[in-house]
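K.L.:
To be precise about what I am sending: the file is called input-v1.cif and holds mmCIF, C-alpha atoms.
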data_upload
loop_
_atom_site.label_atom_id
_atom_site.label_comp_id
_atom_site.auth_asym_id
_atom_site.auth_seq_id
_atom_site.Cartn_x
_atom_site.Cartn_y
_atom_site.Cartn_z
CA MET A 1 -9.02 5.48 -20.36
CA THR A 2 -10.56 2.26 -19.06
CA GLN A 3 -9.92 -1.29 -20.23
CA GLY A 4 -11.68 -4.18 -18.49
CA ALA A 5 -12.28 -7.91 -18.81
CA PRO A 6 -14.37 -9.93 -18.53
CA ALA A 7 -16.84 -8.28 -16.15
CA ASP A 8 -16.98 -5.02 -18.12
CA ARG A 9 -19.39 -6.78 -20.52
CA PRO A 10 -23.00 -6.20 -19.40
CA ASP A 11 -24.01 -9.76 -20.29
CA VAL A 12 -21.51 -11.30 -17.86
CA SER A 13 -22.21 -11.61 -14.11
CA LEU A 14 -19.88 -12.93 -11.49
CA VAL A 15 -21.14 -15.71 -9.24
CA VAL A 16 -19.61 -15.57 -5.77
CA ARG A 17 -19.70 -18.07 -2.93
CA THR A 18 -18.18 -17.49 0.54
CA THR A 19 -18.16 -20.25 3.14
CA ALA A 20 -16.78 -20.29 6.66
CA VAL A 21 -13.74 -22.43 7.39
CA ASP A 22 -12.18 -23.49 10.67
CA PRO A 23 -9.24 -21.14 11.32
CA ASP A 24 -7.55 -23.89 13.34
CA HIS A 25 -7.34 -25.95 10.14
CA LEU A 26 -5.93 -23.07 8.11
CA ALA A 27 -2.21 -22.50 7.61
CA SER A 28 -0.79 -19.01 7.71
CA LEU A 29 -2.31 -17.00 4.89
CA VAL A 30 0.97 -16.18 3.19
CA ALA A 31 1.88 -19.88 3.14
CA LEU A 32 -1.25 -20.62 1.07
CA LEU A 33 -0.11 -18.62 -1.95
CA PRO A 34 0.53 -21.14 -4.75
CA ALA A 35 3.72 -21.45 -6.77
CA PRO A 36 3.83 -19.91 -10.27
CA ALA A 37 3.39 -23.30 -11.94
CA ASP A 38 0.20 -23.91 -9.94
CA ARG A 39 -1.60 -20.70 -10.87
CA PRO A 40 -1.83 -20.48 -14.67
CA GLY A 41 -5.14 -18.62 -14.43
CA GLY A 42 -3.78 -15.43 -12.87
CA ASP A 43 -1.49 -13.72 -10.43
CA LEU A 44 -1.42 -13.48 -6.65
CA VAL A 45 -3.04 -10.83 -4.45
CA ALA A 46 -2.28 -10.28 -0.78
CA TRP A 47 -3.14 -7.92 2.07
CA LEU A 48 -1.73 -9.11 5.40
CA ARG A 49 -1.16 -7.73 8.91
CA ARG A 50 -0.49 -9.58 12.16
CA GLY A 51 -1.40 -12.89 10.52
CA GLU A 52 -4.82 -11.67 9.39
CA GLY A 53 -6.10 -10.31 6.10
CA LEU A 54 -6.74 -11.66 2.61
CA VAL A 55 -4.87 -13.66 -0.01
CA GLY A 56 -6.09 -14.78 -3.40
CA TRP A 57 -5.13 -16.09 -6.81
CA GLY A 58 -6.57 -16.44 -10.28
CA THR A 59 -8.36 -13.65 -12.16
CA ALA A 60 -12.14 -13.60 -12.44
CA ALA A 61 -12.32 -9.98 -13.62
CA THR A 62 -10.01 -7.02 -13.98
CA VAL A 63 -9.97 -3.41 -15.15
CA ARG A 64 -7.14 -1.01 -15.95
CA THR A 65 -7.52 2.76 -15.91
CA THR A 66 -5.22 5.67 -16.67
CA GLY A 67 -5.21 9.43 -16.46
CA ALA A 68 -6.85 11.97 -14.19
CA ASP A 69 -10.14 9.99 -14.04
CA ARG A 70 -8.50 6.68 -13.09
CA PHE A 71 -10.10 6.56 -9.62
CA ALA A 72 -13.59 7.51 -10.77
CA GLU A 73 -13.51 5.08 -13.69
CA ALA A 74 -12.28 2.22 -11.50
CA ASP A 75 -14.92 2.99 -8.86
CA ALA A 76 -17.68 3.09 -11.49
CA TRP A 77 -16.53 -0.23 -12.96
CA TRP A 78 -16.55 -1.79 -9.51
CA SER A 79 -20.04 -0.48 -8.71
CA ALA A 80 -21.38 -1.92 -11.97
CA THR A 81 -19.58 -5.24 -11.44
CA ALA A 82 -20.85 -5.57 -7.87
CA ALA A 83 -24.41 -4.68 -8.92
CA ARG A 84 -24.47 -7.52 -11.47
CA ALA A 85 -22.85 -10.12 -9.23
CA VAL A 86 -24.76 -13.01 -7.67
CA VAL A 87 -23.37 -13.47 -4.16
CA ARG A 88 -23.91 -16.19 -1.57
CA ASP A 89 -22.03 -15.00 1.52
CA GLU A 90 -22.33 -17.15 4.65
CA VAL A 91 -19.82 -15.07 6.65
CA GLY A 92 -20.81 -11.40 6.41
CA GLU A 93 -17.48 -9.90 7.42
CA PRO A 94 -15.73 -6.99 5.72
CA GLY A 95 -13.64 -8.76 3.10
CA SER A 96 -16.02 -11.69 2.55
CA GLY A 97 -18.26 -12.01 -0.50
CA LEU A 98 -17.17 -10.17 -3.66
CA VAL A 99 -13.83 -8.40 -3.20
CA CYS A 100 -11.46 -6.59 -5.53
CA PHE A 101 -7.81 -5.68 -4.98
CA GLY A 102 -6.33 -2.51 -6.41
CA ALA A 103 -3.09 -0.65 -7.04
CA MET A 104 -3.41 2.93 -8.28
CA ALA A 105 -0.81 5.03 -10.08
CA PHE A 106 0.66 7.95 -8.16
CA ALA A 107 0.34 10.48 -10.98
CA ASP A 108 -2.13 11.10 -13.80
CA SER A 109 0.68 10.03 -16.14
CA PRO A 110 2.66 7.96 -16.71
CA GLY A 111 1.49 4.70 -15.14
CA ASP A 112 -1.67 2.62 -15.04
CA SER A 113 -4.03 1.58 -12.25
CA VAL A 114 -5.69 -1.79 -11.80
CA LEU A 115 -8.55 -3.49 -9.96
CA VAL A 116 -8.61 -7.29 -9.99
CA VAL A 117 -11.11 -9.84 -8.65
CA PRO A 118 -9.40 -13.14 -7.71
CA GLU A 119 -11.01 -16.48 -8.51
CA VAL A 120 -10.09 -17.88 -5.09
CA LEU A 121 -9.76 -15.84 -1.91
CA VAL A 122 -8.99 -16.85 1.68
CA GLY A 123 -9.58 -14.47 4.57
CA ARG A 124 -8.94 -14.46 8.28
CA ARG A 125 -10.17 -11.94 10.84
CA GLY A 126 -9.92 -12.64 14.55
CA ASP A 127 -11.45 -16.05 15.26
CA ARG A 128 -13.20 -16.22 11.86
CA ALA A 129 -11.88 -17.48 8.52
CA TRP A 130 -13.48 -17.97 5.14
CA LEU A 131 -13.01 -19.17 1.59
CA THR A 132 -14.47 -17.35 -1.43
CA THR A 133 -14.75 -18.61 -5.00
CA VAL A 134 -15.66 -16.39 -7.96
CA SER A 135 -16.79 -17.58 -11.38
CA SER A 136 -18.54 -16.25 -14.48
CA THR A 137 -19.96 -19.68 -15.35
CA GLY A 138 -22.12 -20.52 -12.32
CA LEU A 139 -21.97 -21.25 -8.62
CA ALA A 140 -18.92 -23.29 -7.69
CA GLY A 141 -19.25 -26.18 -5.31
CA PRO A 142 -17.63 -26.10 -1.87
CA LEU A 143 -13.85 -26.26 -2.00
CA ASP A 144 -11.53 -27.96 0.42
CA VAL A 145 -9.52 -25.73 2.74
CA PRO A 146 -6.34 -24.90 0.80
CA ALA A 147 -3.18 -26.61 1.96
CA PRO A 148 0.15 -24.84 2.36
CA ALA A 149 1.93 -24.43 -0.97
CA GLU A 150 5.42 -25.51 -1.84
CA ALA A 151 7.88 -23.09 -0.24
CA PRO A 152 9.40 -20.52 -2.63
CA GLU A 153 13.06 -20.43 -3.53
CA PRO A 154 15.05 -17.29 -2.67
CA PRO A 155 16.18 -15.07 -5.54
CA ALA A 156 19.65 -16.08 -6.72
CA GLY A 157 22.51 -13.77 -7.59
CA VAL A 158 20.75 -10.52 -6.64
CA ARG A 159 22.71 -7.42 -7.67
CA PHE A 160 21.75 -3.83 -6.82
CA ALA A 161 22.34 -0.68 -8.85
CA ASP A 162 21.22 2.94 -8.67
CA GLY A 163 18.02 3.75 -10.49
CA HIS A 164 17.27 6.95 -12.37
CA LEU A 165 19.33 9.24 -10.10
CA GLY A 166 22.52 8.37 -8.25
CA PRO A 167 23.15 9.66 -4.71
CA ASP A 168 24.86 12.92 -5.74
CA ALA A 169 22.27 13.82 -8.37
CA TRP A 170 19.44 13.04 -5.95
CA MET A 171 20.99 15.19 -3.20
CA ALA A 172 21.24 18.01 -5.74
CA ALA A 173 17.51 17.65 -6.38
CA VAL A 174 16.86 17.83 -2.62
CA ALA A 175 19.02 20.96 -2.40
CA GLU A 176 17.04 22.55 -5.23
CA ALA A 177 13.79 21.72 -3.42
CA VAL A 178 15.10 23.31 -0.21
CA GLU A 179 15.98 26.48 -2.13
CA ARG A 180 12.48 26.68 -3.57
CA ILE A 181 10.92 26.15 -0.14
CA GLN A 182 13.11 28.80 1.44
CA ALA A 183 12.13 31.17 -1.38
CA GLY A 184 8.47 30.69 -0.46
CA ALA A 185 7.34 28.66 -3.51
CA LEU A 186 5.96 25.88 -1.27
CA GLU A 187 6.23 24.53 2.27
CA LYS A 188 7.03 20.83 1.76
CA VAL A 189 7.74 18.36 -1.02
CA VAL A 190 8.33 14.60 -0.89
CA LEU A 191 11.15 13.42 -3.16
CA ALA A 192 11.73 9.75 -3.92
CA ARG A 193 14.48 7.71 -5.55
CA ASP A 194 14.68 4.18 -6.91
CA LEU A 195 17.07 1.25 -6.69
CA VAL A 196 17.16 -1.63 -9.19
CA ALA A 197 17.77 -5.25 -8.15
CA THR A 198 18.51 -7.89 -10.77
CA ALA A 199 18.48 -11.65 -10.07
CA ASP A 200 19.74 -14.58 -12.12
CA ALA A 201 16.18 -15.80 -12.77
CA ASP A 202 12.57 -14.66 -12.35
CA VAL A 203 11.83 -13.62 -8.78
CA ASP A 204 9.08 -15.60 -7.03
CA VAL A 205 7.27 -12.76 -5.25
CA ARG A 206 6.13 -15.17 -2.53
CA TRP A 207 9.68 -15.10 -1.13
CA PRO A 208 9.79 -11.37 -0.28
CA LEU A 209 6.13 -11.44 0.78
CA ARG A 210 6.82 -14.16 3.36
CA ARG A 211 9.82 -12.30 4.73
CA LEU A 212 8.06 -8.95 4.89
CA ALA A 213 5.00 -10.42 6.64
CA GLU A 214 7.25 -12.12 9.19
CA ARG A 215 9.61 -9.22 9.86
CA TYR A 216 7.11 -6.34 9.73
CA PRO A 217 3.92 -7.74 11.27
CA THR A 218 2.54 -4.31 12.22
CA CYS A 219 2.76 -3.12 8.60
CA TRP A 220 0.36 -4.06 5.80
CA THR A 221 2.13 -6.52 3.50
CA PHE A 222 0.64 -6.39 0.01
CA HIS A 223 0.89 -7.61 -3.56
CA VAL A 224 -1.23 -6.59 -6.54
CA ASP A 225 -0.23 -6.96 -10.20
CA GLY A 226 3.53 -7.08 -9.57
CA PHE A 227 3.52 -4.26 -7.00
CA PHE A 228 4.49 -5.43 -3.52
CA GLY A 229 5.77 -4.19 -0.19
CA ALA A 230 5.02 -3.67 3.49
CA THR A 231 3.55 -0.25 4.10
CA PRO A 232 3.38 1.28 7.59
CA GLU A 233 0.82 3.84 6.46
CA LEU A 234 -2.92 3.20 6.16
CA LEU A 235 -4.30 5.81 3.79
CA VAL A 236 -7.91 5.01 4.67
CA ARG A 237 -10.09 2.27 6.12
CA ARG A 238 -13.87 2.38 5.75
CA GLU A 239 -15.78 -0.14 7.81
CA ARG A 240 -19.52 0.11 8.38
CA GLY A 241 -19.45 3.89 8.14
CA LEU A 242 -16.36 4.48 10.26
CA VAL A 243 -13.28 5.99 8.61
CA THR A 244 -9.68 5.80 9.82
CA SER A 245 -6.52 7.24 8.27
CA ARG A 246 -3.02 6.81 9.73
CA VAL A 247 -0.66 9.68 8.97
CA LEU A 248 3.10 9.13 9.08
CA ALA A 249 5.50 12.02 8.53
CA GLY A 250 8.78 12.61 10.35
CA THR A 251 11.30 9.77 10.49
CA ILE A 252 14.42 8.75 12.38
CA ARG A 253 16.52 5.61 11.89
CA ARG A 254 16.79 3.05 14.71
CA THR A 255 20.18 1.96 16.01
CA GLY A 256 19.26 -1.41 17.51
CA ASP A 257 20.19 -0.24 21.00
CA ASP A 258 16.97 0.04 23.02
CA ALA A 259 18.18 2.80 25.35
CA ARG A 260 19.59 4.81 22.47
CA ASP A 261 16.40 4.34 20.44
CA LEU A 262 14.27 5.64 23.31
CA MET A 263 16.40 8.78 23.35
CA LEU A 264 16.03 9.11 19.59
CA ALA A 265 12.25 8.69 19.88
CA ALA A 266 12.16 11.58 22.37
CA THR A 267 14.29 13.66 20.01
CA LEU A 268 11.93 12.90 17.12
CA ALA A 269 8.91 13.89 19.20
CA ARG A 270 10.52 17.30 19.87
CA SER A 271 12.02 17.92 16.43
CA SER A 272 10.66 21.16 14.97
CA LYS A 273 11.50 20.01 11.42
CA ASP A 274 9.68 16.70 11.82
CA LEU A 275 6.73 18.19 13.71
CA GLU A 276 6.33 20.77 10.95
CA GLU A 277 6.38 18.07 8.30
CA HIS A 278 3.87 16.00 10.29
CA GLU A 279 1.51 18.94 10.80
CA TYR A 280 1.28 19.50 7.04
CA ALA A 281 0.39 15.85 6.50
CA VAL A 282 -2.30 15.73 9.22
CA ARG A 283 -3.84 18.98 8.01
CA SER A 284 -3.93 17.60 4.46
CA VAL A 285 -5.80 14.45 5.55
CA GLY A 286 -8.29 16.37 7.69
CA THR A 287 -9.09 18.82 4.91
CA SER A 288 -9.60 16.01 2.37
CA LEU A 289 -11.86 13.88 4.58
CA ALA A 290 -13.99 16.71 5.97
CA PRO A 291 -16.47 16.88 3.03
CA PHE A 292 -17.30 13.18 3.45
CA CYS A 293 -17.63 13.03 7.24
CA SER A 294 -20.30 14.16 9.66
CA SER A 295 -17.77 14.20 12.51
CA MET A 296 -13.98 13.89 12.78
CA ASN A 297 -11.27 13.56 15.39
CA LEU A 298 -7.77 14.97 14.75
CA PRO A 299 -5.51 14.35 17.77
CA GLU A 300 -3.52 17.39 18.87
CA ALA A 301 -0.17 15.61 19.09
CA PRO A 302 1.38 12.62 17.28
CA PHE A 303 2.74 9.44 18.83
CA VAL A 304 5.98 7.70 17.89
CA LEU A 305 5.48 4.51 15.86
CA HIS A 306 8.33 2.02 16.37
CA LEU A 307 9.21 -0.21 13.41
CA PRO A 308 12.16 -2.60 13.19
CA ASN A 309 14.28 -0.22 11.10
CA VAL A 310 12.87 3.29 11.70
CA MET A 311 10.56 5.32 13.91
CA HIS A 312 7.87 7.69 12.63
CA LEU A 313 5.70 10.42 14.04
CA ALA A 314 2.16 9.06 13.62
CA THR A 315 -1.41 10.31 14.01
CA ASP A 316 -4.66 8.33 13.57
CA VAL A 317 -7.40 10.53 12.12
CA THR A 318 -10.94 9.14 12.50
CA GLY A 319 -14.38 10.12 11.25
CA VAL A 320 -17.94 9.02 10.45
CA VAL A 321 -19.05 8.96 6.81
CA HIS A 322 -22.35 10.70 6.24
CA ASP A 323 -23.14 8.96 2.89
CA SER A 324 -21.84 5.41 2.54
CA ALA A 325 -23.59 5.00 -0.82
CA THR A 326 -21.29 7.47 -2.57
CA ALA A 327 -18.20 7.57 -0.35
CA THR A 328 -16.71 4.14 -1.07
CA SER A 329 -13.31 3.38 0.41
CA LEU A 330 -11.78 3.92 -3.05
CA ALA A 331 -13.55 7.28 -3.39
CA LEU A 332 -12.13 8.29 -0.01
CA ALA A 333 -8.67 7.15 -1.12
CA ALA A 334 -9.04 9.27 -4.25
CA ALA A 335 -9.97 12.32 -2.16
CA LEU A 336 -6.94 11.81 0.08
CA HIS A 337 -4.41 11.16 -2.68
CA PRO A 338 -1.82 12.55 -2.79
CA SER A 339 -1.65 13.60 0.84
CA ALA A 340 1.10 15.91 2.06
CA ALA A 341 2.83 12.80 3.44
CA VAL A 342 3.67 11.60 -0.10
CA GLY A 343 3.26 14.74 -2.21
CA GLY A 344 3.80 17.90 -0.24
CA HIS A 345 2.12 21.20 0.52
CA PRO A 346 0.54 22.93 -1.32
CA THR A 347 -0.27 19.72 -3.16
CA ASP A 348 -0.46 21.04 -6.73
CA VAL A 349 2.80 22.96 -6.46
CA ALA A 350 4.57 20.01 -4.80
CA VAL A 351 3.36 17.44 -7.35
CA ASP A 352 4.47 19.70 -10.20
CA LEU A 353 7.92 20.07 -8.61
CA ILE A 354 8.17 16.27 -8.16
CA ALA A 355 7.51 15.78 -11.87
CA ARG A 356 10.20 18.32 -12.79
CA ILE A 357 13.11 17.45 -10.48
CA GLU A 358 12.63 13.93 -9.08
CA GLY A 359 13.99 12.41 -12.27
CA MET A 360 11.94 9.20 -12.43
CA PRO A 361 8.42 7.90 -13.11
CA ARG A 362 6.89 6.76 -9.81
CA GLY A 363 4.44 4.30 -11.33
CA ARG A 364 2.38 3.01 -8.40
CA TYR A 365 4.90 3.99 -5.74
CA ALA A 366 3.14 6.08 -3.04
CA GLY A 367 -0.22 5.48 -4.71
CA PRO A 368 -3.16 3.78 -2.95
CA VAL A 369 -3.01 -0.03 -2.76
CA GLY A 370 -5.49 -2.32 -1.01
CA TRP A 371 -8.90 -3.93 -1.32
CA MET A 372 -12.63 -3.15 -1.37
CA ASP A 373 -15.74 -5.28 -0.99
CA ALA A 374 -19.13 -5.00 -2.68
CA ALA A 375 -20.45 -2.69 0.06
CA GLY A 376 -17.60 -0.22 -0.53
CA ASP A 377 -15.84 -1.07 2.72
CA GLY A 378 -12.13 -1.71 2.45
CA GLU A 379 -8.59 -0.78 3.36
CA TRP A 380 -6.18 1.23 1.23
CA GLY A 381 -2.59 1.74 2.22
CA ILE A 382 -0.03 4.08 0.71
CA GLY A 383 2.35 2.11 -1.50
CA LEU A 384 5.48 2.77 0.56
CA ARG A 385 8.39 0.41 1.42
CA SER A 386 7.49 -1.03 -1.96
CA ALA A 387 8.80 -2.37 -5.23
CA GLU A 388 7.75 -3.48 -8.71
CA VAL A 389 8.73 -7.00 -9.79
CA ASP A 390 9.04 -7.90 -13.46
CA GLY A 391 10.68 -11.25 -14.12
CA PRO A 392 14.23 -11.10 -12.71
CA THR A 393 14.09 -7.33 -12.10
CA VAL A 394 12.83 -5.61 -8.94
CA ARG A 395 12.61 -1.82 -8.78
CA LEU A 396 12.63 -0.52 -5.19
CA PHE A 397 11.40 2.91 -4.03
CA ALA A 398 12.02 5.20 -1.06
CA GLY A 399 11.03 8.81 -0.42
CA CYS A 400 11.61 11.59 2.11
CA GLY A 401 9.74 14.72 3.12
CA VAL A 402 11.74 17.88 2.39
CA VAL A 403 11.10 21.13 4.25
CA GLY A 404 13.00 24.38 4.60
CA ASP A 405 15.72 23.15 6.96
CA SER A 406 16.21 19.70 5.38
CA ASP A 407 19.80 18.53 4.85
CA PRO A 408 20.37 16.59 1.59
CA ALA A 409 22.83 14.14 3.16
CA SER A 410 20.42 13.38 6.00
CA GLU A 411 17.57 12.85 3.55
CA LEU A 412 19.75 10.45 1.55
CA ALA A 413 20.47 8.48 4.74
CA GLU A 414 16.74 8.37 5.49
CA ALA A 415 16.04 7.04 1.99
CA HIS A 416 18.65 4.31 2.52
CA ALA A 417 16.86 3.31 5.73
CA LYS A 418 13.55 3.10 3.90
CA PHE A 419 15.01 0.79 1.25
CA VAL A 420 15.96 -1.73 3.95
CA PRO A 421 12.68 -3.70 4.31
CA VAL A 422 12.34 -4.65 0.63
CA ARG A 423 16.08 -4.88 0.03
CA ASP A 424 16.52 -7.33 2.89
CA SER A 425 13.44 -9.31 1.81
CA LEU A 426 15.24 -10.26 -1.41
CA GLY A 427 18.10 -11.94 0.46
CA GLU A 428 18.30 -15.39 2.01
#
How would this structure read if it were set down as structure tokens?

P.N.:
Amino acid sequence: MTQGAPADRPDVSLVVRTTAVDPDHLASLVALLPAPADRPGGDLVAWLRRGEGLVGWGTAATVRTTGADRFAEADAWWSATAARAVVRDEVGEPGSGLVCFGAMAFADSPGDSVLVVPEVLVGRRGDRAWLTTVSSTGLAGPLDVPAPAEAPEPPAGVRFADGHLGPDAWMAAVAEAVERIQAGALEKVVLARDLVATADADVDVRWPLRRLAERYPTCWTFHVDGFFGATPELLVRRERGLVTSRVLAGTIRRTGDDARDLMLAATLARSSKDLEEHEYAVRSVGTSLAPFCSSMNLPEAPFVLHLPNVMHLATDVTGVVHDSATATSLALAAALHPSAAVGGHPTDVAVDLIARIEGMPRGRYAGPVGWMDAAGDGEWGIGLRSAEVDGPTVRLFAGCGVVGDSDPASELAEAHAKFVPVRDSLGE
């Protein structure tokens, strides 16, 4: 099912203007996001890494889709919207001109997916920066470079509670998954759990976004329609025909002692359990991308990605798209989702098991989140290290890959480690 407004009406065209701005006169992107009282026309969107990326506010157009056809319907809506738009783009970078942001549901049901076009967007890439305005009533005049917004207040009185499954019940679910794997029903499944934070008043999402962008600069910090986080995993990037997908599978928690962490990294790189889990994920991505690519590169061995709280086995898969007209970045994301890194292997068996024993609706957790421009280029991450904010309530998510020799207590500890980025971002 698709519901859109206002650009789903054939008589409405979006008018888009992108102008270059001096990056030296631009504050950090995350600092530009306006306070709730200053954005009555719509919510915030953000996609940030290493101080670069895109932020926006206001809503010029949006569409919501559900069900098994949610990706195809969203992609078709975007193609029609982009075809009708009148665009004056003086920058010509990926992410300039007409851009939408999206957050897609993990499963066919329950949960909805959304694409949104902001009214104002600011981008920075290397030594270039730009400002985009979008309207359905005509070409907007040049805007001044946005000034930093009033700083957000931290959430007050935050209290945490278990979500749908407590620790013991969740470990029992992991144990059941291990039994099924050992019996030969499947090879891997990713099980997630949730944690619920409640504050004394509505949470200003700019607070956790600022902290995540500062503390996890190598991750992609995002916010779309109340879904936010800092994901270390790039599901797919399409840029001028080149495709990249970063696969993460296999995790170990850092201790904070550099010498000890180096030893743990070496242990992770030799771990048969983690290497097995990683191999499933890489194979899944390669198989999904192959029909769209004329050539591909799958490295033979992973590297260890060091993050402030954990380390992951990581592999960057690359390829060349043979038909950019049909293989938009969202179409590629749809083909990849759910990869073995967030679902399991075989995918259909793993996703069915998740629905039966995980004990919670994932919503947009572990679904694709990111942005796409009118040419179909874009970046889509996997919605990990993430949460949903709704007024004073924040629902946090964390998941772990389960294979035949997984230990439920160890998986629970790994989930706790994966809660840390968002949990800490809610504190002062």

K.L.:
For a quick check of understanding, using only C-alpha atoms, which of A:Ala197, A:Ala103, A:Val117, A:Glu187 has the smallest distance to A:Asp390?

P.N.:
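Among A:Ala197, A:Ala103, A:Val117, A:Glu187, it is A:Ala197 that comes nearest to A:Asp390.
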
K.L.:
Would you work out the distance separating atom CA of A:Val145 from atom CA of A:Leu121, expressed in Å to one decimal?

P.N.:
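Answer for the atom CA of A:Val145 to atom CA of A:Leu121 separation: 10.9 Å.
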
K.L.:
For the PyMOL selection byres ((chain A and resi 159) around 10), applied here, can you spell out every residue it catches as a ChimeraX atom specification?

P.N.:
/A:156-158,160-161,196-200,393

K.L.:
Using all atoms listed in the file, which residue out of A:Val16, A:Ala31, A:Leu26, A:Val189 lies closest to A:Asp127?

P.N.:
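Closest to A:Asp127, using all atoms listed in the file: A:Leu26.
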
K.L.:
Counting only C-alpha atoms, which residue out of A:Gly376, A:Pro208, A:Gly102, A:Pro408 sits closest to A:Asp424?

P.N.:
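Using only C-alpha atoms, the shortest distance to A:Asp424 belongs to A:Pro208.
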
K.L.:
For a test of reading the model, state the distance in Å between atom CA of A:Glu176 and atom CA of A:Val420, rounded to one decimal.

P.N.:
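A separation of 26.0 Å between them.
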
K.L.:
Step by step, work through what the PyMOL selection byres ((chain A and resi 165) around 9) selects in the shown file, and finish by giving those residues as a PDB file with C-alpha atoms, keeping the file's coordinate frame.

P.N.:
ATOM      1  CA  ASP A 162      21.220   2.940  -8.670  1.00  0.00           C
ATOM      2  CA  GLY A 163      18.020   3.750 -10.490  1.00  0.00           C
ATOM      3  CA  HIS A 164      17.270   6.950 -12.370  1.00  0.00           C
ATOM      4  CA  GLY A 166      22.520   8.370  -8.250  1.00  0.00           C
ATOM      5  CA  PRO A 167      23.150   9.660  -4.710  1.00  0.00           C
ATOM      6  CA  ASP A 168      24.860  12.920  -5.740  1.00  0.00           C
ATOM      7  CA  ALA A 169      22.270  13.820  -8.370  1.00  0.00           C
ATOM      8  CA  TRP A 170      19.440  13.040  -5.950  1.00  0.00           C
ATOM      9  CA  ARG A 193      14.480   7.710  -5.550  1.00  0.00           C
ATOM     10  CA  ASP A 194      14.680   4.180  -6.910  1.00  0.00           C
ATOM     11  CA  LEU A 195      17.070   1.250  -6.690  1.00  0.00           C
ATOM     12  CA  GLU A 358      12.630  13.930  -9.080  1.00  0.00           C
ATOM     13  CA  GLY A 359      13.990  12.410 -12.270  1.00  0.00           C
ATOM     14  CA  MET A 360      11.940   9.200 -12.430  1.00  0.00           C
TER      15      MET A 360
END

K.L.:
Hey, can you check how far atom CA of A:Gly250 sits from atom CA of A:Leu289?

P.N.:
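These atoms are spaced 21.5 Å apart.
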